[in-house]
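Undergrad: Take this structure, written in structure tokens, and hold onto it; I'll ask about it next.
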Amino acid sequence: MFIRKLTVILVPLGMLLFLCLVAPLLSSLGGYWGSLVLGGLLGLLLSLLLPLAGATRLREPFAYLLWVPAVLVLLILLYQYLSTQGVDLPLLRLLAVHDSRIITIESAFAVYMLAFSIRTGRGV
């Protein structure tokens, strides 16, 4: 039971990390093809979030746990915004990116996980 809950919390964060690491590499494909592949990967990984959380039924007992990675990603986005405003925290410098594609990916994941968590019943 604990392993399944941990999987629901950690796998979306791993998928997001993978996408954020791959996004800059896709720029070598050019503007059109890089965006096309990035959009395809984003859609594929977002579609995998449903079965991961057990979305075979409307009410799944562990799907509400997607709020945990969603809040973590929203906190990362908050720090990225604060870093553009001049706030610098030494421990969090690795999280400060200025690539709009990565911010788009992170916000898409956060909103999707939060909306799905609320949709399944318990929500935040």
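Simple scheme: letters A, B, ... for chains in structure tokens order, numbers from 1 for residues in each chain, numbers from 1 for ligands in the order shown.
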Please provide as a list in words all residues within 7 Å of region 102-114 of chain A, with the sequence filter that same-chain residues fewer than 2 positions apart are discarded (counting only C-alpha atoms).
TA: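 These residues fall inside the cut-off: Leu16, Cys20, Ala23, Leu66, Trp67, Ala70, Val73, Leu74, Asp99, Ser100, Phe116, Ser117 and Ile118 of chain A.
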